[in-house]
Structure formats: structure tokens, C-alpha cells
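Notes to accompany the following structure.
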Amino acid sequence: METAIIEMMSDSQTTLMQTPSVTPEVRDASEPPAGNTEPVFEIGDLDFYYGPFRALRDVNLNIGRRRVTALIGPSGCGKSTFLRCLNRMNDLIPGTRVDGRIAYHGQDLYGPGVDPIEVRRQIGMVFQKPNPFPKSIYDNVAFGPKVNGLKPKSMDALVEESLRRAALWDEVKDKLKQSAFSLSGGQQQRLCIARAIAVRPDVILMDEPCSALDPIATIRIEELMVELKQDYTIVIVTHNMQQAARVSDVTAFFTAEVDDAGHRTGVLVEADATSALFTSPKDQRTDDYITGRFG
Ligand code: ADP
Ligand code: MG
């Protein structure tokens, strides 16, 4: 059964587009970080604006397939903003604008004809605070497939498989009809991961997914991330450098700097294989941050 569902998953991962796609020109500003794989995202010269405020400037980064990429940096440097650019969640905030290029599997993510709803199905998101729906455990997982019009051969099998992959099945299999709110915080977060998995995504974005959890629940989620990267590309924002070091293959360090006009804006300082970034950062700002002299 597991194989069947995995095959269905890979079948559904090709079309974002309603019209033929154009491959955007992406400048590879740097060598791909050591330890990276073929890129799922190629981000070129990305600027992001909230109205007149430029929150990100000139970000160039490739994000490798079936890798955990960690985004670290001081509060307010644009990590969450950047993450939301990757599945067009920022589109939902009025007055925002993206400049530059984000290619997703070679297709322009912001190109004409791209369906943002389909983007968000393929590129799922897990938030800081677990946010299950006020529904049963079962219905939380079945909800996404239903609203996305997925018609699995068996919804029960898809729910079970998603809960198994989120390492939650054994804890909930006898109480699937109970409210999701009856679960602990850590279980609720794994339920949110199961809910994200149930719509057969390709990428899972996680914005500080452990910051509301206790240390034991945090370790479980970290172990889960390492398992999930066998099948998914994961991008995680974390303020916890030990967490980045434990779970990620590649780490990207962002900071906020003051531009020529005197405005604070987020920039990507460097990205590298996690072990290299933490042991021999190339930029002094990274060194200052990871050694605790700043941030
Ligand atoms: P981080 O996740 O690194 O803490 P954010 O991406 O949340 O940083 O924020 C980056 C900058 O963008 C901050 O200056 C923040 O105040 C601003 N910002 C974030 N969200 C919004 C928004 N919805 N409207 C306007 N400014 C925002
Ligand atoms: Mg944030």
C-alpha cells in the first residue's frame, strides 16, 4: 500500500501551470553549496517589498532536492518573508511585490498561468504554532485531499499513510474521531505535518516549527525531518542554531543591513553545507552570529 501511495504522489508533481511554462533566466551567483543536490528552487536577484518597504534585497540561492535547508539569522531579517516567497503565501498580503526570479523545477513560480493554489498544494507549509482545524484527527488529515479534489482510492489508507509518515499513527490510531485539540502540542504539530503530507506535496516549508514545543517534542520533530527528507525537500526557519546544525544539510544565513538610503533590509550573507557554515564561515558577519557575538 505504501508503494502505491508514493507512486500516486510522484504522479501529481509535475504541473503547476495552466499554460506552457517559460524557464526564467536565473543567475547562479555562487557555486552551489557543498552537499546540495539538483535544485528544486533557483532564486535569482530576489527583492521583496511590503508596500514601499523593501524587506529582502538581492537574494541568490539554490535549494537542493531532498535536502533540509535551514534559514537562520537575527529576528526581523526576513527569514519568514523569504520562506513565504517560496509558495506564494505573500501573495495573500495586500501591497506586496516580488522582483527577481524564483524558478521551481525550472518553471517561473510567479509566471503567467501559474495557479497559486496548486503552488501551495505542492509546496506545503507548517507554522510556528500548531494550528489544527477544530475537527477530528481524521478530518484534519482528510480535509486537504478533499478540498484539493484529490480522489485517493481509499481515504482511510491516505489518512493512515500520512499519519505514519508524520510518526503519529501509533499514538492516534485508536482515537481518530477525537478532536485534534485533545492532542499535546508536539502531537498537534505532527498532525499539521501529516495534514501537509496528505495533499502529496513536493516541498514542505516549516517556519520555526518547534519554537512552541518542549525539548522532547522538539527532538521528535527533528527526527521526523531527517526521515522526511528521503521523500521531500524541506526548508526550515529556525532561531535555534543547534537545531540547524542537527537537522540541515545546507544552511543559509540572513541578516538585516542598512542600505544606501538608510533603510534596513534583509540580505542573504552566505549559504553553504551546514558543517562548513558552522565551522568555517566565509563572512565575518556569519562568524559573529554563530559565535554569539551578534544577534
Ligand atoms: P524574520 O522571520 O527573520 O524574523 P520577517 O520576515 O518576519 O523576519 O520580517 C522581515 C521584515 O519585514 C521585518 O522588518 C518585519 O517587520 C517586516 N514585515 C513582516 N511581515 C510584514 C507585513 N505583513 N507587513 C509589513 N511588514 C512586514
Ligand atoms: Mg519569522
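Simple scheme: letters A, B, ... for chains in C-alpha cells order, numbers from 1 for residues in each chain, numbers from 1 for ligands in the order shown.
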* To do: With only C-alpha atoms and all ligand atoms counted, collect every polymer residue having an atom within 9 Å of ligand 2; state the result as a PyMOL selection string.
  => chain A and resi 75-81+83+128+207-208+237-239
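Within the 8 Å cut-off around Phe254 (chain A), using only C-alpha atoms and omitting residues fewer than 4 positions from it on the same chain, the listed residues are Leu71, Ile72, Gly73, Pro74, Cys77, Gly78, Lys79, Gly266, Val267, Leu268, Val269 and Glu270 of chain A.
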Write the residues of the preceding selection, restricted to C-alpha atoms, as a short mmCIF file (atom, residue, chain, number, x, y, z; two decimals), in the first residue's frame.
data_model
loop_
_atom_site.label_atom_id
_atom_site.label_comp_id
_atom_site.auth_asym_id
_atom_site.auth_seq_id
_atom_site.Cartn_x
_atom_site.Cartn_y
_atom_site.Cartn_z
CA LEU A 71 17.38 29.55 7.20
CA ILE A 72 18.97 31.25 10.18
CA GLY A 73 19.62 34.85 11.20
CA PRO A 74 18.54 37.50 13.68
CA CYS A 77 16.00 39.81 8.85
CA GLY A 78 13.35 38.41 6.51
CA LYS A 79 13.53 34.64 7.02
CA GLY A 266 17.22 41.61 4.73
CA VAL A 267 20.11 40.08 2.81
CA LEU A 268 21.47 36.57 2.40
CA VAL A 269 25.03 36.68 3.69
CA GLU A 270 26.08 33.17 2.71
#
Step one, run DSSP on the backbone; step two, keep only residues of region 24-270 of chain A assigned to helix (DSSP H, G or I); then write them as an mmCIF file with C-alpha atoms, in the first residue's frame.
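Wrote it out as part-v3.cif, contents follow:
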data_model
loop_
_atom_site.group_PDB
_atom_site.id
_atom_site.type_symbol
_atom_site.label_atom_id
_atom_site.label_comp_id
_atom_site.auth_asym_id
_atom_site.auth_seq_id
_atom_site.Cartn_x
_atom_site.Cartn_y
_atom_site.Cartn_z
ATOM 1 C CA LYS A 79 13.526 34.642 7.015
ATOM 2 C CA SER A 80 9.753 34.170 7.200
ATOM 3 C CA THR A 81 9.252 36.601 4.338
ATOM 4 C CA PHE A 82 11.680 34.612 2.213
ATOM 5 C CA LEU A 83 10.021 31.315 3.126
ATOM 6 C CA ARG A 84 6.615 32.684 2.129
ATOM 7 C CA CYS A 85 8.021 33.759 -1.248
ATOM 8 C CA MET A 89 1.915 32.843 0.606
ATOM 9 C CA ASN A 90 2.940 36.509 0.492
ATOM 10 C CA ASP A 91 0.506 36.984 -2.377
ATOM 11 C CA LEU A 92 -2.196 36.908 0.290
ATOM 12 C CA PRO A 116 -1.068 29.843 -6.689
ATOM 13 C CA ILE A 117 -3.462 27.310 -5.161
ATOM 14 C CA GLU A 118 -1.662 24.498 -6.944
ATOM 15 C CA VAL A 119 1.656 26.044 -5.873
ATOM 16 C CA ARG A 120 0.558 25.877 -2.241
ATOM 17 C CA ARG A 121 -0.553 22.272 -2.600
ATOM 18 C CA GLN A 122 2.828 21.203 -3.969
ATOM 19 C CA ILE A 137 -7.779 13.965 13.954
ATOM 20 C CA TYR A 138 -9.008 12.036 10.908
ATOM 21 C CA ASP A 139 -10.771 15.013 9.364
ATOM 22 C CA ASN A 140 -7.723 17.252 9.809
ATOM 23 C CA VAL A 141 -5.759 14.918 7.559
ATOM 24 C CA ALA A 142 -8.606 14.205 5.102
ATOM 25 C CA PHE A 143 -9.514 17.883 4.711
ATOM 26 C CA GLY A 144 -6.724 18.880 2.309
ATOM 27 C CA PRO A 145 -7.216 15.974 -0.103
ATOM 28 C CA LYS A 146 -10.975 16.713 -0.133
ATOM 29 C CA VAL A 147 -10.727 20.436 -0.864
ATOM 30 C CA MET A 155 -9.211 7.980 2.082
ATOM 31 C CA ASP A 156 -8.657 5.764 5.126
ATOM 32 C CA ALA A 157 -5.424 4.492 3.595
ATOM 33 C CA LEU A 158 -4.259 8.007 2.736
ATOM 34 C CA VAL A 159 -5.006 9.231 6.265
ATOM 35 C CA GLU A 160 -3.146 6.292 7.764
ATOM 36 C CA GLU A 161 -0.186 6.677 5.465
ATOM 37 C CA SER A 162 0.073 10.427 6.161
ATOM 38 C CA LEU A 163 -0.113 9.867 9.923
ATOM 39 C CA ARG A 164 2.502 7.117 9.686
ATOM 40 C CA ARG A 165 4.836 9.350 7.736
ATOM 41 C CA TRP A 169 -0.076 6.884 13.696
ATOM 42 C CA ASP A 170 0.713 4.663 16.660
ATOM 43 C CA GLU A 171 -0.312 7.379 19.098
ATOM 44 C CA VAL A 172 -3.658 8.204 17.449
ATOM 45 C CA ALA A 180 -7.359 17.357 17.282
ATOM 46 C CA PHE A 181 -7.291 19.661 20.296
ATOM 47 C CA SER A 182 -7.150 16.630 22.592
ATOM 48 C CA GLY A 185 1.376 20.409 21.355
ATOM 49 C CA GLY A 186 4.001 18.139 19.858
ATOM 50 C CA GLN A 187 1.353 15.735 18.579
ATOM 51 C CA GLN A 188 -0.630 18.635 17.137
ATOM 52 C CA GLN A 189 2.464 19.780 15.235
ATOM 53 C CA ARG A 190 2.985 16.266 13.839
ATOM 54 C CA LEU A 191 -0.709 16.275 12.891
ATOM 55 C CA CYS A 192 -0.101 19.512 10.979
ATOM 56 C CA ILE A 193 2.804 17.804 9.233
ATOM 57 C CA ALA A 194 0.523 14.834 8.406
ATOM 58 C CA ARG A 195 -2.044 17.306 7.068
ATOM 59 C CA ALA A 196 0.628 18.886 4.864
ATOM 60 C CA ILE A 197 1.768 15.465 3.637
ATOM 61 C CA ALA A 198 -1.765 14.304 2.825
ATOM 62 C CA PRO A 215 12.520 19.676 24.221
ATOM 63 C CA ILE A 216 11.224 16.102 23.873
ATOM 64 C CA ALA A 217 8.587 17.069 21.307
ATOM 65 C CA THR A 218 11.257 19.124 19.530
ATOM 66 C CA ILE A 219 13.567 16.132 19.189
ATOM 67 C CA ARG A 220 10.715 14.075 17.726
ATOM 68 C CA ILE A 221 10.049 16.694 15.074
ATOM 69 C CA GLU A 222 13.762 16.937 14.315
ATOM 70 C CA GLU A 223 13.976 13.154 13.871
ATOM 71 C CA LEU A 224 10.921 13.323 11.654
ATOM 72 C CA MET A 225 12.512 15.971 9.425
ATOM 73 C CA VAL A 226 15.523 13.765 8.875
ATOM 74 C CA GLU A 227 13.199 10.909 7.838
ATOM 75 C CA LEU A 228 11.009 13.082 5.640
ATOM 76 C CA MET A 241 21.455 27.163 15.671
ATOM 77 C CA GLN A 242 21.883 23.767 17.326
ATOM 78 C CA GLN A 243 18.720 22.683 15.556
ATOM 79 C CA ALA A 244 20.032 23.892 12.203
ATOM 80 C CA ALA A 245 23.268 22.010 12.876
ATOM 81 C CA ARG A 246 21.389 18.829 13.843
ATOM 82 C CA VAL A 247 18.863 18.593 11.038
#
* Asked: If you measure from CA of Gly44 (chain A) to CA of Gly100 (chain A), what distance in Å do you get, rounded to one decimal?
  -> 5.9 Å
* Hey, can you check how far CA of Arg66 (chain A) sits from CA of Tyr232 (chain A)? ->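 CA of Arg66 (chain A) sits 5.2 Å away from CA of Tyr232 (chain A).
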